[in-house]
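Asker: Handing over upload-v9.csv, CSV, C-alpha atoms.
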chain,number,residue,atom,x,y,z
A,1,MET,CA,-8.5,10.4,-13.6
A,2,LEU,CA,-6.8,7.1,-12.7
A,3,LYS,CA,-8.2,4.2,-14.6
A,4,VAL,CA,-7.9,0.8,-12.7
A,5,LYS,CA,-8.8,-2.6,-14.1
A,6,VAL,CA,-8.7,-5.7,-11.9
A,7,LEU,CA,-8.6,-9.3,-13.3
A,8,THR,CA,-10.0,-11.7,-10.7
A,9,VAL,CA,-12.0,-14.9,-10.3
A,10,PHE,CA,-14.1,-13.1,-7.6
A,11,PRO,CA,-15.2,-9.7,-9.1
A,12,GLU,CA,-18.0,-9.5,-6.5
A,13,LEU,CA,-15.4,-8.7,-3.9
A,14,PHE,CA,-14.9,-5.2,-5.4
A,15,PRO,CA,-15.0,-2.4,-4.5
A,16,GLY,CA,-15.2,-3.9,-1.0
A,17,PHE,CA,-13.8,-1.4,1.6
A,18,LEU,CA,-12.7,0.8,-1.3
A,19,GLY,CA,-16.3,1.9,-1.6
A,20,PHE,CA,-16.2,3.7,1.7
A,21,SER,CA,-14.7,6.8,3.2
A,22,LEU,CA,-12.2,8.8,1.1
A,23,THR,CA,-11.7,6.1,-1.5
A,24,GLY,CA,-15.4,5.6,-1.9
A,25,LYS,CA,-15.9,9.4,-2.4
A,26,ALA,CA,-13.0,9.4,-4.9
A,27,LEU,CA,-14.7,6.6,-6.9
A,28,ALA,CA,-18.1,8.3,-6.7
A,29,GLU,CA,-16.6,11.7,-7.9
A,30,GLY,CA,-14.8,10.1,-10.8
A,31,LYS,CA,-11.2,10.7,-9.5
A,32,CYS,CA,-10.7,7.0,-10.0
A,33,ALA,CA,-12.5,4.6,-12.3
A,34,LEU,CA,-12.5,0.9,-11.1
A,35,ALA,CA,-13.5,-1.9,-13.4
A,36,THR,CA,-13.3,-5.7,-12.8
A,37,VAL,CA,-12.8,-8.6,-15.3
A,38,ASN,CA,-14.0,-12.1,-14.4
A,39,ILE,CA,-11.2,-14.4,-15.5
A,40,ARG,CA,-13.7,-17.3,-15.5
A,41,ASP,CA,-15.4,-15.7,-18.5
A,42,PHE,CA,-12.5,-17.0,-20.5
A,43,ALA,CA,-12.6,-20.6,-19.3
A,44,VAL,CA,-12.8,-23.3,-21.9
A,45,ASP,CA,-15.1,-25.7,-20.0
A,46,LYS,CA,-18.6,-25.5,-18.6
A,47,TYR,CA,-17.3,-25.4,-15.1
A,48,GLY,CA,-15.4,-22.2,-15.5
A,49,SER,CA,-12.1,-23.8,-14.5
A,50,VAL,CA,-9.1,-21.5,-14.6
A,51,ASP,CA,-6.5,-23.8,-13.0
A,52,ASP,CA,-4.7,-27.1,-13.4
A,53,THR,CA,-2.1,-29.3,-11.6
A,54,PRO,CA,1.5,-28.1,-11.5
A,55,CYS,CA,4.0,-29.5,-13.9
A,56,GLY,CA,6.6,-31.5,-12.0
A,57,GLY,CA,4.2,-32.4,-9.3
A,58,GLY,CA,3.4,-30.6,-6.0
A,59,ALA,CA,0.5,-29.4,-4.0
A,60,GLY,CA,-2.2,-27.0,-5.1
A,61,MET,CA,-3.3,-25.8,-8.5
A,62,ILE,CA,-1.8,-23.3,-10.9
A,63,MET,CA,-3.7,-20.6,-12.9
A,64,ARG,CA,-3.6,-21.6,-16.6
A,65,PRO,CA,-1.7,-19.4,-19.0
A,66,ASP,CA,-4.1,-19.8,-21.9
A,67,ILE,CA,-7.1,-18.6,-19.8
A,68,LEU,CA,-5.4,-15.8,-18.0
A,69,GLY,CA,-3.6,-14.9,-21.2
A,70,ALA,CA,-6.9,-14.6,-23.1
A,71,ALA,CA,-8.3,-12.3,-20.4
A,72,LEU,CA,-5.2,-10.1,-20.6
A,73,LYS,CA,-5.3,-10.1,-24.4
A,74,ALA,CA,-8.9,-8.9,-24.3
A,75,HIS,CA,-8.6,-6.3,-21.5
A,76,TYR,CA,-5.0,-5.2,-21.0
A,77,LYS,CA,-4.4,-2.2,-23.2
A,78,GLY,CA,-1.2,-0.9,-21.7
A,79,GLY,CA,0.2,0.8,-18.6
A,80,ARG,CA,1.6,-0.9,-15.6
A,81,LEU,CA,0.6,-4.5,-15.0
A,82,LEU,CA,0.7,-5.5,-11.4
A,83,VAL,CA,0.4,-9.1,-10.0
A,84,MET,CA,-0.1,-9.4,-6.3
A,85,SER,CA,2.3,-12.1,-5.0
A,86,PRO,CA,4.1,-12.8,-1.7
A,87,ARG,CA,7.3,-13.2,-3.7
A,88,GLY,CA,7.0,-9.8,-5.3
A,89,LYS,CA,8.9,-6.6,-4.4
A,90,PRO,CA,7.7,-5.0,-1.2
A,91,PHE,CA,5.0,-2.4,-1.6
A,92,SER,CA,6.0,1.0,-0.1
A,93,GLN,CA,4.8,4.6,0.2
A,94,GLN,CA,7.3,5.5,-2.5
A,95,LEU,CA,5.7,3.0,-4.9
A,96,ALA,CA,2.2,4.2,-3.9
A,97,HIS,CA,3.3,7.7,-5.0
A,98,GLU,CA,4.6,6.3,-8.3
A,99,LEU,CA,1.4,4.5,-9.1
A,100,SER,CA,-0.8,7.5,-8.2
A,101,LYS,CA,0.9,9.4,-11.1
A,102,GLU,CA,0.0,6.7,-13.7
A,103,GLU,CA,-3.0,7.1,-16.0
A,104,GLU,CA,-3.9,3.4,-16.0
A,105,LEU,CA,-3.2,0.4,-13.8
A,106,THR,CA,-4.1,-3.2,-14.3
A,107,PHE,CA,-4.1,-5.7,-11.4
A,108,VAL,CA,-4.0,-9.5,-11.7
A,109,CYS,CA,-5.2,-11.2,-8.6
A,110,GLY,CA,-3.8,-14.7,-8.3
A,111,ARG,CA,-5.5,-17.6,-6.6
A,112,PHE,CA,-4.6,-21.2,-5.9
A,113,GLU,CA,-0.9,-22.0,-5.7
A,114,GLY,CA,0.2,-19.3,-8.2
A,115,ILE,CA,0.2,-18.2,-11.8
A,116,ASP,CA,1.9,-19.9,-14.7
A,117,GLN,CA,5.3,-18.1,-15.1
A,118,ARG,CA,4.9,-17.8,-18.9
A,119,VAL,CA,2.1,-15.3,-18.5
A,120,LEU,CA,4.2,-13.2,-16.2
A,121,ASP,CA,7.1,-13.3,-18.5
A,122,ALA,CA,5.1,-12.6,-21.7
A,123,TYR,CA,3.5,-9.4,-20.2
A,124,ALA,CA,6.5,-8.3,-18.2
A,125,ALA,CA,4.3,-8.2,-15.1
A,126,GLU,CA,5.5,-6.5,-11.9
A,127,GLU,CA,5.0,-8.7,-8.9
A,128,ILE,CA,4.1,-6.8,-5.7
A,129,SER,CA,3.9,-8.0,-2.1
A,130,ILE,CA,2.2,-6.2,0.8
A,131,GLY,CA,4.1,-8.3,3.4
A,132,ASP,CA,5.9,-11.4,4.3
A,133,TYR,CA,2.8,-13.6,4.7
A,134,VAL,CA,0.4,-15.5,2.4
A,135,LEU,CA,-3.3,-14.7,1.8
A,136,THR,CA,-6.0,-16.8,0.2
A,137,GLY,CA,-5.9,-14.6,-2.9
A,138,GLY,CA,-4.6,-11.4,-4.4
A,139,GLU,CA,-7.8,-9.5,-4.1
A,140,GLN,CA,-7.2,-8.4,-0.6
A,141,ALA,CA,-3.7,-7.3,-1.4
A,142,ALA,CA,-4.9,-5.4,-4.5
A,143,MET,CA,-7.4,-3.5,-2.4
A,144,VAL,CA,-4.7,-2.5,0.1
A,145,VAL,CA,-2.5,-1.2,-2.7
A,146,LEU,CA,-5.4,0.7,-4.2
A,147,ASP,CA,-6.4,2.2,-0.9
A,148,ALA,CA,-2.8,3.6,-0.5
A,149,VAL,CA,-2.8,4.9,-4.1
A,150,ILE,CA,-6.2,6.4,-4.4
A,151,ARG,CA,-5.8,8.6,-1.3
A,152,LEU,CA,-2.8,10.2,-2.9
A,153,LEU,CA,-4.7,11.3,-6.0
A,154,PRO,CA,-5.2,15.1,-6.3
A,155,GLY,CA,-8.2,16.4,-4.4
A,156,VAL,CA,-8.8,13.2,-2.4
A,157,LEU,CA,-7.3,14.3,0.9
A,158,GLY,CA,-8.7,17.7,2.0
A,159,ASN,CA,-5.6,18.7,3.9
A,160,ALA,CA,-2.3,18.2,1.9
A,161,GLN,CA,-0.3,18.5,5.1
A,162,SER,CA,-1.9,15.3,6.3
A,163,LEU,CA,0.3,13.5,3.7
A,164,GLU,CA,3.5,15.3,4.7
A,165,ASP,CA,3.2,14.3,8.3
A,166,GLU,CA,2.3,10.7,7.8
A,167,SER,CA,4.5,7.7,8.5
A,168,PHE,CA,7.0,6.8,5.7
A,169,GLU,CA,6.6,10.2,4.0
A,170,ASN,CA,9.9,11.5,5.4
A,171,GLY,CA,11.5,8.1,6.1
A,172,LEU,CA,10.3,8.0,9.7
A,173,LEU,CA,7.3,6.7,11.5
A,174,GLU,CA,4.8,9.2,12.7
A,175,TYR,CA,4.9,10.9,16.1
A,176,PRO,CA,2.2,10.3,18.7
A,177,GLN,CA,-1.1,12.3,18.3
A,178,TYR,CA,-3.3,13.7,21.0
A,179,THR,CA,-6.7,15.5,21.3
A,180,ARG,CA,-9.2,16.6,23.9
A,181,PRO,CA,-9.8,16.0,26.8
A,182,ILE,CA,-6.4,17.2,28.0
A,183,ASP,CA,-6.6,15.0,31.1
A,184,TRP,CA,-8.0,11.5,30.4
A,185,GLU,CA,-8.1,9.2,33.4
A,186,GLY,CA,-5.0,10.8,34.8
A,187,ARG,CA,-3.1,10.7,31.6
A,188,VAL,CA,-2.3,14.3,30.4
A,189,VAL,CA,-1.4,15.6,27.0
A,190,PRO,CA,2.3,16.5,26.8
A,191,GLU,CA,2.8,20.1,28.0
A,192,VAL,CA,4.8,21.1,24.9
A,193,LEU,CA,1.8,20.5,22.6
A,194,LEU,CA,-0.2,23.0,24.7
A,195,SER,CA,2.5,25.6,24.7
A,196,GLY,CA,1.8,27.2,21.4
A,197,HIS,CA,5.5,27.3,20.7
A,198,HIS,CA,5.6,25.9,17.1
A,199,LYS,CA,9.4,25.3,17.0
A,200,ASN,CA,9.4,23.4,20.3
A,201,ILE,CA,6.4,21.4,19.1
A,202,GLU,CA,8.2,20.6,15.8
A,203,ASN,CA,11.4,19.5,17.7
A,204,TRP,CA,9.4,17.3,20.1
A,205,ARG,CA,7.5,15.6,17.2
A,206,LYS,CA,10.8,14.9,15.4
A,207,GLU,CA,12.4,13.4,18.6
A,208,GLN,CA,9.3,11.2,19.0
A,209,SER,CA,9.4,10.1,15.4
A,210,LEU,CA,13.1,9.2,15.8
A,211,GLU,CA,12.5,7.2,19.0
A,212,ILE,CA,9.5,5.3,17.7
A,213,THR,CA,11.2,4.5,14.4
A,214,ASN,CA,14.3,3.2,16.2
A,215,LYS,CA,12.2,1.1,18.5
A,216,ASN,CA,9.7,-0.4,16.0
A,217,ARG,CA,11.6,-0.2,12.7
A,218,PRO,CA,15.4,-0.2,13.2
A,219,ASP,CA,15.7,-1.0,9.5
A,220,LEU,CA,14.0,2.3,8.6
A,221,MET,CA,16.1,4.1,11.2
A,222,LYS,CA,19.3,2.9,9.6
A,223,LYS,CA,18.1,4.0,6.1
A,224,TYR,CA,17.2,7.4,7.5
A,225,LEU,CA,20.6,7.9,9.2
A,226,ASP,CA,22.5,6.7,6.1
A,227,SER,CA,20.6,8.9,3.7
A,228,GLU,CA,20.2,12.0,5.8
A,229,LYS,CA,23.5,11.8,7.7
A,230,VAL,CA,21.7,13.5,10.5
A,231,SER,CA,22.7,14.2,14.1
A,232,VAL,CA,20.3,12.6,16.5
A,233,TYR,CA,18.1,14.9,18.5
A,234,LYS,CA,18.5,15.4,22.2
A,235,GLY,CA,16.4,13.0,24.3
A,236,THR,CA,16.7,10.0,22.0
A,237,ASN,CA,18.8,6.8,22.8
A,238,LEU,CA,20.2,6.7,19.2
A,239,LYS,CA,23.8,6.9,18.2
A,240,SER,CA,24.7,9.8,15.9
A,241,LYS,CA,26.3,9.4,12.6
A,242,GLY,CA,29.0,11.7,13.9
For this file, write the structure as structure tokens.
Answerer:
Amino acid sequence: MLKVKVLTVFPELFPGFLGFSLTGKALAEGKCALATVNIRDFAVDKYGSVDDTPCGGGAGMIMRPDILGAALKAHYKGGRLLVMSPRGKPFSQQLAHELSKEEELTFVCGRFEGIDQRVLDAYAAEEISIGDYVLTGGEQAAMVVLDAVIRLLPGVLGNAQSLEDESFENGLLEYPQYTRPIDWEGRVVPEVLLSGHHKNIENWRKEQSLEITNKNRPDLMKKYLDSEKVSVYKGTNLKSKG
């Protein structure tokens, strides 16, 4: 069972959307245990203040090291300590797999203009970003990370092949998917998918993945070609590694 602890000033936000669908079932069945810690419980004034003005001037407020540090000292018992931050290393499917193999994870959800650097240094915290944009707080980002991690836990997904075929699992974006009706408003499911010829279907899906990846994520396409040194499939507009 994966044990997750979240330090936040808004514990009422959890589990949020994690309480639904596959992640909700995983929490209910005990495949993952989620606990929250209210950082305001460690405030030193009657207002529950956890922030102060930045040294050196500037806009916004900074989360105080004494208060957040006290919360960590009381509740962080080891394992990976993750701080959600737009300046952190990019979150990826590979990292999701790594985290899903941990026994315990602790998330710190920043607010205001940021967290005092001394706390991050003292606890060797890993800063993680879910994208090149800024949110009002780390809670939303932590939920996104947890959603990606929990669904990878053993027994959460009913069909293990669902993971193998998903975007990013093999370095490419996923191919297009179709279902019934075969003809919808004049748009017909590609004939190859109705052929029953598994090898042709597999080749078609690979071609589609290559084309979609090249169109939407050329950065991923370059990594794929560099790592695999593959010859590009017929029907794509990509250049082969040769």
Asker: Give as a list of chain:residue names every residue, naming chains and numbers as the document does, that has an atom within 9 Å of (-0.7, 1.9, -21.5), counting only C-alpha atoms.
Answerer: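 Checking each residue against the 9 Å limit leaves A:Tyr76, A:Lys77, A:Gly78, A:Gly79, A:Arg80, A:Glu103, A:Glu104, A:Leu105.
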Asker: I want to know what sits within 10 Å of A:Glu174, based on only C-alpha atoms, with residues of the same chain fewer than 2 positions away left out; could you give that as number ranges by chain?
Answerer: A: 165-172, 176-177, 205-206, 208-210, 212-213
Asker: Around the point (7.4, -9.9, -6.3) in the file's coordinates, collect all residues with an atom within 6 Å, using only C-alpha atoms, and return them as a VMD selection string.
Answerer: chain A and resid 85 87 to 89 127 to 129
Asker: Pick the closest to A:Ile130 from A:Asp51, A:Phe91, A:Tyr175, A:Leu72: which is it, counting all atoms listed in the file?
Answerer: A:Phe91
Asker: Find the spatial neighbours of stretch 8-19 of chain A, counting all atoms listed in the file, within a cut-off of 6 Å - ignore same-chain residues fewer than 4 positions away - and output them as a list in words.
Answerer: Thr23, Gly24, Thr36, Asn38, Ile39, Arg40 and Cys109 of chain A
Asker: Generate a file of the selected residues that holds C-alpha atoms, formatted as an mmCIF file, in the frame of the given file.
Answerer:
data_model
loop_
_atom_site.group_PDB
_atom_site.id
_atom_site.type_symbol
_atom_site.label_atom_id
_atom_site.label_comp_id
_atom_site.auth_asym_id
_atom_site.auth_seq_id
_atom_site.Cartn_x
_atom_site.Cartn_y
_atom_site.Cartn_z
ATOM 1 C CA THR A 23 -11.700 6.100 -1.500
ATOM 2 C CA GLY A 24 -15.400 5.600 -1.900
ATOM 3 C CA THR A 36 -13.300 -5.700 -12.800
ATOM 4 C CA ASN A 38 -14.000 -12.100 -14.400
ATOM 5 C CA ILE A 39 -11.200 -14.400 -15.500
ATOM 6 C CA ARG A 40 -13.700 -17.300 -15.500
ATOM 7 C CA CYS A 109 -5.200 -11.200 -8.600
#
Asker: Could you please determine the separation between atom CA of A:Met1 and atom CA of A:Lys31 in Å, to one decimal place?
Answerer: 4.9 Å
Asker: Please, what distance in Å, to one decimal, runs between atom CA of A:Glu126 and atom CA of A:Ala141?
Answerer: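 Interatomic distance here is 14.0 Å.
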Asker: Atom CA of A:Ser49 to atom CA of A:Met143: how many Å, to one decimal?
Answerer: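 So the two atoms, atom CA of A:Ser49 and atom CA of A:Met143, lie 24.1 Å apart.
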Asker: Counting only C-alpha atoms, which residue out of A:Tyr224, A:Tyr47, A:Phe42, A:Phe107 sits closest to A:Gln140?
Answerer: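 Of A:Tyr224, A:Tyr47, A:Phe42, A:Phe107, the one nearest A:Gln140 is A:Phe107, counting only C-alpha atoms.
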Asker: With distances taken over all atoms listed in the file, which of A:Ile62, A:Leu99, A:Leu173, A:Ala35 is nearest to A:Ile150?
Answerer: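 Selected residue with least distance to A:Ile150: A:Leu99.
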Asker: Set the distance at 10 Å and use only C-alpha atoms: which residues neighbour A:Thr179 once local chain neighbours fewer than 2 positions away are removed? I'd like the list as an NGL selection string.
Answerer: :A and (177 or 181-183 or 189 or 193)
Asker: May I have the residues within 8 Å of stretch 133-136 of chain A as a list of chain:residue names, using all atoms listed in the file and disregarding those fewer than 4 positions away in the same chain?
Answerer: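 After dropping sequence-adjacent residues, the list is A:Pro86, A:Arg111, A:Phe112, A:Gln140.
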Asker: List the spatial neighbours of A:Ala122 as a PyMOL selection string - criterion: any atom at most 12 Å away, only C-alpha atoms, same-chain residues fewer than 6 positions off excluded.
Answerer: chain A and resi 65-66+68-69+72-73+81+116
